[in-house]
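Chemist: Have a look at this one before I ask anything.
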Protein chains: 2
Amino acid sequence: MHKYVYSFAEGNRHMADLLGGKGANLAEMTRMGLPVPPGFTITTEACRWYLRTGAVPDGLFDEVLDHLRELEACLGKTLGDPRQPLLVSVRSGARYSMPGMMDTILDIGLNDTTVRGLAAASGDERFAWDSYRRLIHMFGTTVCGIPGQPFAQLIADAKRERGVNSDADLTAEDLRNLVEAYKKVFYEHTGYDFPQAPHEQLNLAIMAVFNSWNSERAVIYRRQERIPHDLGTAVNVVAMVFGNLGPDSGTGVAFTRDPATGAAGVYGDYLPNAQGEDVVAGVRDPVPLQELERIDPRSFVQLKEIMSRLEAHYRDMCDIEFTIEHGKLWMLQTRVGKRTPAAAFIIAAQLAEEGLISLDEALGRVTGAQLAHLMFPSFDLTGAETPIARGVPASPGAAVGQVVFDSARAAEATTDVILVRRETNPDDLPGMIASRGILTSRGGKTSHAAVVARGMGITCVCGAEAIDIDPEGRKFTVNGVVVQEGDIISVDGTTGHVYLGQVPVRPSEVVRLFEGTLAPDSSPLTTAVHRLISHADRVRRLKVYANADTPEDATRARRFGAVGVGLCRTEHMFLGERRALVERLILAEDSASQQAALDELLPVQRQDFIEIFRAMDGLPVVVRLLDPPLHEFLPPLEELSARVAVAQARGDDPGRDAQLLAAVRRIHEANPMLGLRGVRLGLVIPGLFAMQVRAVAEAAAARIREGGDPRPEIMVPLVATVQELEVARAEAQRILAEVPDAPKIPVGTMIEVPRAALTAGEIASDADFFSFGTNDLTQMTWGFSRDDVEGTFFPRYLDLGIFATSPFESLDRTGVGRLITIAVTEGRNTEPELPIGVCGEHGGDPESVRFFEAAGLTYVSCSPFRVPIARLEAGRAVVLAAPDESR
Amino acid sequence: MHKYVYSFAEGNRHMADLLGGKGANLAEMTRMGLPVPPGFTITTEACRWYLRTGAVPDGLFDEVLDHLRELEACLGKTLGDPRQPLLVSVRSGARYSMPGMMDTILDIGLNDTTVRGLAAASGDERFAWDSYRRLIHMFGTTVCGIPGQPFAQLIADAKRERGVNSDADLTAEDLRNLVEAYKKVFYEHTGYDFPQAPHEQLNLAIMAVFNSWNSERAVIYRRQERIPHDLGTAVNVVAMVFGNLGPDSGTGVAFTRDPATGAAGVYGDYLPNAQGEDVVAGVRDPVPLQELERIDPRSFVQLKEIMSRLEAHYRDMCDIEFTIEHGKLWMLQTRVGKRTPAAAFIIAAQLAEEGLISLDEALGRVTGAQLAHLMFPSFDLTGAETPIARGVPASPGAAVGQVVFDSARAAEATTDVILVRRETNPDDLPGMIASRGILTSRGGKTSHAAVVARGMGITCVCGAEAIDIDPEGRKFTVNGVVVQEGDIISVDGTTGHVYLGQVPVRPSEVVRLFEGTLAPDSSPLTTAVHRLISHADRVRRLKVYANADTPEDATRARRFGAVGVGLCRTEHMFLGERRALVERLILAEDSASQQAALDELLPVQRQDFIEIFRAMDGLPVVVRLLDPPLHEFLPPLEELSARVAVAQARGDDPGRDAQLLAAVRRIHEANPMLGLRGVRLGLVIPGLFAMQVRAVAEAAAARIREGGDPRPEIMVPLVATVQELEVARAEAQRILAEVPDAPKIPVGTMIEVPRAALTAGEIASDADFFSFGTNDLTQMTWGFSRDDVEGTFFPRYLDLGIFATSPFESLDRTGVGRLITIAVTEGRNTEPELPIGVCGEHGGDPESVRFFEAAGLTYVSCSPFRVPIARLEAGRAVVLAAPDESR
């Protein structure tokens, strides 16, 4: 017969696929000889069978019974025994922890009879009835789907009748009455009595755990996290131990190192004479774990010894849950512990220093996302500040500014402002862009405000529900504090805290390290970051370039470790006062005046390039020819059209506006992202690309004459077919050959239109390099424009689990990634040595960088700020891809 | 040594790759024993070598000399002989005929000495000097790149001095003087004398033909036609024969059947005592070929016999060029002849009838494009009409209407109008859409007017250069005729002719045949079309559906042979008076009023579906759920914004406009084709898809209750990821299960977003069928929107040869086709029986249908009008893919 149940003594931590994470770790601790309450695990296989067929596998319950007998024998207690009743907990435990699945049902085995046995055995009648009440409540809601409200109502009524505020003030008598009332609720909702047979309770609970695999929240979570729907969950059945049996009992949680700072030494909380759920309920405040040394020195020493063994065994910081029952220590759970970003770096570096893990492994344990968090400024808190509110930390950073309540004012503000709204919508966009921070009282991580703010790198706290906003009154109230428009607040997007007044902002230590204004050994954090990023630089294969349009950005990127500029956008050089030249180019009525406008642009562009080449002397600078549709340089159609209509209605002469309106109408496009832009502009407007290519070549020649080492490359945007590139490149090469003293300048292309990726084998024959524009590629592969949809349907899609993250944030490997793989493979089939980079925003996204490493790219290019993140992730990509993680 | 030269006796018609089309056919005729002047062909291989290395292969000119010797021996004349000089022509001849390549140089071998020998031998001094003059002109311009203008100037001067109008009136003396003047021009432009050595002339001409392979026009043509650049051209060297040596000489062209009507019997023109170039120059009018029977009965009989042999040999209608020299007939060229669409059908059907070819082969010889031409109405001409102008036939059809000169008037017109413009631009779009026909005086087949008109199926003639348009005067003048705005003209988009006044329009015979109002045996054309389309129906595998949104369209499609509706768009059902309901839906401020609007839409939609299901009783009807972005149902932002601004400026209350403006602003998108549409709408607007699905199911149930056989299918648009389909389909299935009496209704998806194609393997697991939306797929794969770019950069792209045809017109096999192949393969890997169709406009494009057959699709769906074209092409696809073309 197939084996579906493993006692803890039979498993180990490598069996997480079969036993789930929790079960595998309980088995591992048992195997290590640690004091784990006896128990067993029902495998994920059993769950899969159940989900497939709707029934448990034949013989499963017999196998459960056999293991239960062992457990009873071991403890000398029996399930359902009226005097010495064994109680068990039933806990779900999948391979990956998953919100929305049933978590735990405690005290299985209690019924009208055993409750009295428990009272006698524990000597605490109140405890026994309270446990029974809780069992009916938990069983009713999680196994039978009864809403929680009637139970909550009954207990509230009981407290009101008794005139008390806390559950703890209810007597054993009250609780016994509540049990009766709960049983009535149970019957009313299910049509049958609360099951008195402990084995029936157990079997129903097991099936309920199986069913919870398909709860709506769990399904959505899996859809979001791309966890296969057919893994199933394991079920752990564990003997109950009690921490609430007197002063020699208690319960606690502990970490083998400080999870906030990474500092060495045990760390945790202990609550004497309590059960785990009391900690959650906040009935009393726990004491620091160190107190246990005074309360129960023997258990404390044992616990410290166990923690040290666990850390050495798991070779990482662990967290644990434990209970002490009458002076006997029991381990209820362990796992590799969660930690703050700073702690992650410090712990990883320290473990490597201690020789417990290799530097490769240490590098694998920190992430670019953690590094990104450390690169935001933070508030310099004295500890005396009390937040006035707390919300969801939706987009990190520390923002200080004056409160404004509507987007129009935010957009007009000349000082730093924080936009405060109940929630935001697409109309708020201009105001959001203009704000230092955004604070909302509704919505979570997937709300419009959160999605947009993250996309734009604006600090955001949302869903701060305690805040009552009165937009008409231009104020908000929170816990009695009234904040008026214009008052200053400080918003911490990393913690979700909101402070009244100006909290000093401390620049990031890590940024100062990268900028060279802080020495590597300034603090444990800088030491750790320096060590790990240096190791990443040693092991990585991918080069890291930066996207930079100005000499300032280029210089900064270089300091941050960029070895080239992978995207120098020329359109940014057309903004500001130079816009007038572009307007002239667009309004030109014949080719002579068009050429005249181009001739005026040439020296301006040349000077831009000279300065960037100087900043990046000796390193490649990839210049992208003009890409955006021309109307981006003119006022919006809507605005002009209203202006001209008003002037005409008044009988005024609309003047230049009329001329502009005509031009804007002429070049107006319903879908500018799918229009006349990129190489198409270059082929349609005579002389435009030629002017830009000439400016690049002349700038390089000028730099050479002044002794520099310019390394420009020219990149043609938006190519969809090799014929476009053929024509544009031939023109570029003709111009390059005309400029005296110019160095050899490669001419390559962006791969940002799906067709370019699909025909990369052809395109490679006419390109000196490829660079993926993953933004446009994502846009066209998915069929949505980032500008339009992030705020409209993304929140809904994130809620439905259709996306886990926005594909603009983290590269969609399945769809867009497939195009990239096709293009790399077929491009290199044609030109084996073809350099291939990426210059979309994904170039600095941690997850995406690992994909680009695997895809065999030559370099990633990202914003200067993200260069260190890309360096770290490029190193991680190598060590994580290595067959032996602990090499 | 490698063989680079083949005498005509050595080749045959299957050697076109090596000998080019012309050379292979000359060899074939020689092999058949027909009287071909002796000659030889230099292979494409020699040309390729030359183009690769810049020099002719070693020994090539020796090989040419050897063959020349054979030729001289055969004719008893020698190149350069002062008394009996041999003259030869040098002709290019690639595998595919190609404009822009050098065509022919005649009379190679003439120089200052041999010209006198030719005069003596022919007894015609004038002829000899004229030939020499022409040689210098042709050689100078085509071999040495001298502009034609100075030669033309000299001859014009000579005629002016002599006071004559025609070249023919110049004397031998005049021509001898011209030769001297031409030689001076030659020297001035080249720096050397016109080469007197006949062998040097020959070798230079051969290399000039090689070089002409890379002339700019030839390169662009190859880019347009996707002809590889490395094929090279062959060169034919042929002994000259002369048709201008007296009344027993002459020249002509002939067809083995009438190329206009397909009628059996020889057909052609003959010009006594003339050379081929005289026919081109139009010196005298030729006589019908039949006259030759009287002039030279022996040659006539011989020619008829040759033509009959050629037709039997080539198993198709051939055209030929011939010359008679002193009563001796020479064949100069033959090839399968060009013909009109009607002739193509009639000839193919007749040849099959005569047993010369199989019906499969006959089917392979007609095209859907030809059938499409035959389905347009045409003018019923008496023969008495004289066109007032002729332009480029840019978009077929016969349009009659009042002349208007600006788009605004065209857009407002309540009668049929013809828009007349010098050229059009995107601003003219509304007027173009409103016109029956478009006439321009500038631009060719790739001009804005031509591209847009073809895209919209509007009759168009462009580049009618004789027309002088005076838009301010609201009139145009052409050859003295003045046409005022409001005058009626008739424009023939099939021939390019323009007539003054109303020419009666005759409906297409072929359409009447398909509609059943004309019997198959009514005319040779209907007989032929009926026979070939019936054969196509017998052999084809692809089913043909139609796109139809109304019962009328569905009925028409059914008559035209559609066996289903592959695309029933529901948005069209929301237009007109129902738009108000959609406005209510969009303006609804809470979910209750949103639902109320949906509840009102439900019965309206249900009734639409009942009627379409009735029209298509027993056949599938694929209903697409709402696809377009919502703002398509509201007035444009620009318009509303101007209206509200004006009202406010005047101090008026903008009223409902302000409310609409707010709504339009809220849902405005910068790129609506990449936005909130399709399945995204369905997932974001609660109840929208549910209402539509319910309407379909209830309509089907109603039809079943009235005894019908409804076969609806539901199609979800714009899916990019299986998760979207999963959610939308689950909702649809829930609704379908709720409707009593509803039949089983499949729920499938469009594949129109690149990502859907790339992940079709996943999507297939949740789809009952796929249908490719090739319009959107093309748009996103190429990154341009049909609305915006067809008129802006397509003309330029067509000119540059970047496109051969618009990818919206004919499917881009390389890019979009690859996505289709991926989706079909991977979709069927998941679901081997998955039905897959296409419902974009490509479904009715002849070229594309052949691709869809090869890709293994189940059906194509196209506009009702295109159903017969798709049927024909689906049949052709099968017979053309068959290994033996003559099965």
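Residues in the structure tokens are named by chain (A, B, ... in the order shown) and by number from 1 within that chain; ligands are numbered from 1 in the order shown.
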Which residues in region 100-202 of chain B does DSSP call alpha helix (DSSP H)? List them as a ChimeraX atom specification.
Modeler: /B:114-122,125-138,149-162,172-190,198-202
Chemist: Can you check which residues of region 577-688 of chain A DSSP gives as strand (DSSP E or B) on the backbone and send them as a VMD selection string?
Modeler: chain A and resid 620 to 624
Chemist: Counting only C-alpha atoms, which residues of chain A come no farther than 6 Å from chain B, as JSON, numbers by chain?
Modeler: {"A": [638, 641, 642, 645, 646, 669, 671, 674, 675, 720, 723, 753, 754, 755, 758, 780, 781, 782, 783, 784, 785, 788, 789, 802, 815]}
Chemist: Which polymer residues have any atom within 10 Å of an atom of Glu125 (chain A), counting only C-alpha atoms, with same-chain residues fewer than 6 positions away left out, as a list of chain:residue names?
Modeler: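 Residues near the query, excluding close chain neighbours: A:Val115, A:Arg116, A:Gly117, A:Leu118, A:Ala119, A:Ser131, A:Thr171, A:Ala172, A:Glu173, A:Leu175, A:Arg176.
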Chemist: To one decimal in Å, tell me the separation between CA of Arg705 (chain A) and CA of Arg569 (chain A).
Modeler: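 For CA of Arg705 (chain A) relative to CA of Arg569 (chain A), the distance reads 24.8 Å.
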Chemist: Using only C-alpha atoms, which protein or nucleic acid residues come within 9 Å of Asn829 (chain B)? Drop anything in the same chain fewer than 5 positions from it, and give the result as a CSV table (one decimal) with C-alpha atoms, in the first residue's frame.
Modeler:
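This went into result.csv:
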chain,number,residue,atom,x,y,z
B,761,GLY,CA,0.2,26.5,-25.6
B,764,ALA,CA,-5.2,26.5,-25.5
B,824,VAL,CA,-1.0,26.9,-34.2
Chemist: So that I can see what lies close to region 502-513 of chain B, please list as a list in words the residues with an atom at most 7 Å from it, counting only C-alpha atoms and leaving out residues fewer than 6 positions away in the same chain.
Modeler: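 Close residues of region 502-513 of chain B: Leu374, Met375, Phe376, Pro377, Ser378, Phe379, Asp380, Ala398, Val400, Ile488, Ile489, Ser490, Ala519, Pro520 and Thr526 of chain B.
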Chemist: Can you tell me which residues surround region 208-215 of chain A at a distance of at most 7 Å, considering only C-alpha atoms, apart from same-chain residues fewer than 4 positions away, and format the answer as a PyMOL selection string?
Modeler: chain A and resi 47+92+100-102+143+204+219+232-233+235
Chemist: Rank nothing, just name the residue among B:Leu356, B:Val90, B:Ala120, B:Ile714 nearest to Val237 (chain B), using only C-alpha atoms.
Modeler: B:Val90
Chemist: Within 8 Å of Pro471 (chain B), counting only C-alpha atoms, which residues show up once you throw out same-chain ones fewer than 3 positions away? Write them as a VMD selection string, please.
Modeler: chain B and resid 405 to 406 421 474 to 476
Chemist: So, with only C-alpha atoms as the atoms that count, which of A:Arg294, A:Arg31, A:Arg390, A:His448 lies closest to Val461 (chain A)?
Modeler: A:Arg390
Chemist: Rounded to one decimal place, report the CA of Thr30 (chain A)-CA of Gly109 (chain A) distance in Å.
Modeler: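 Here the two named atoms are 23.7 Å from each other.
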Chemist: So, counting only C-alpha atoms, which residue among A:Gly327, A:Gly840, A:Gly516, A:Gly480 is closest to Phe242 (chain A)?
Modeler: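 Ranked by minimum distance to Phe242 (chain A), first place goes to A:Gly327.
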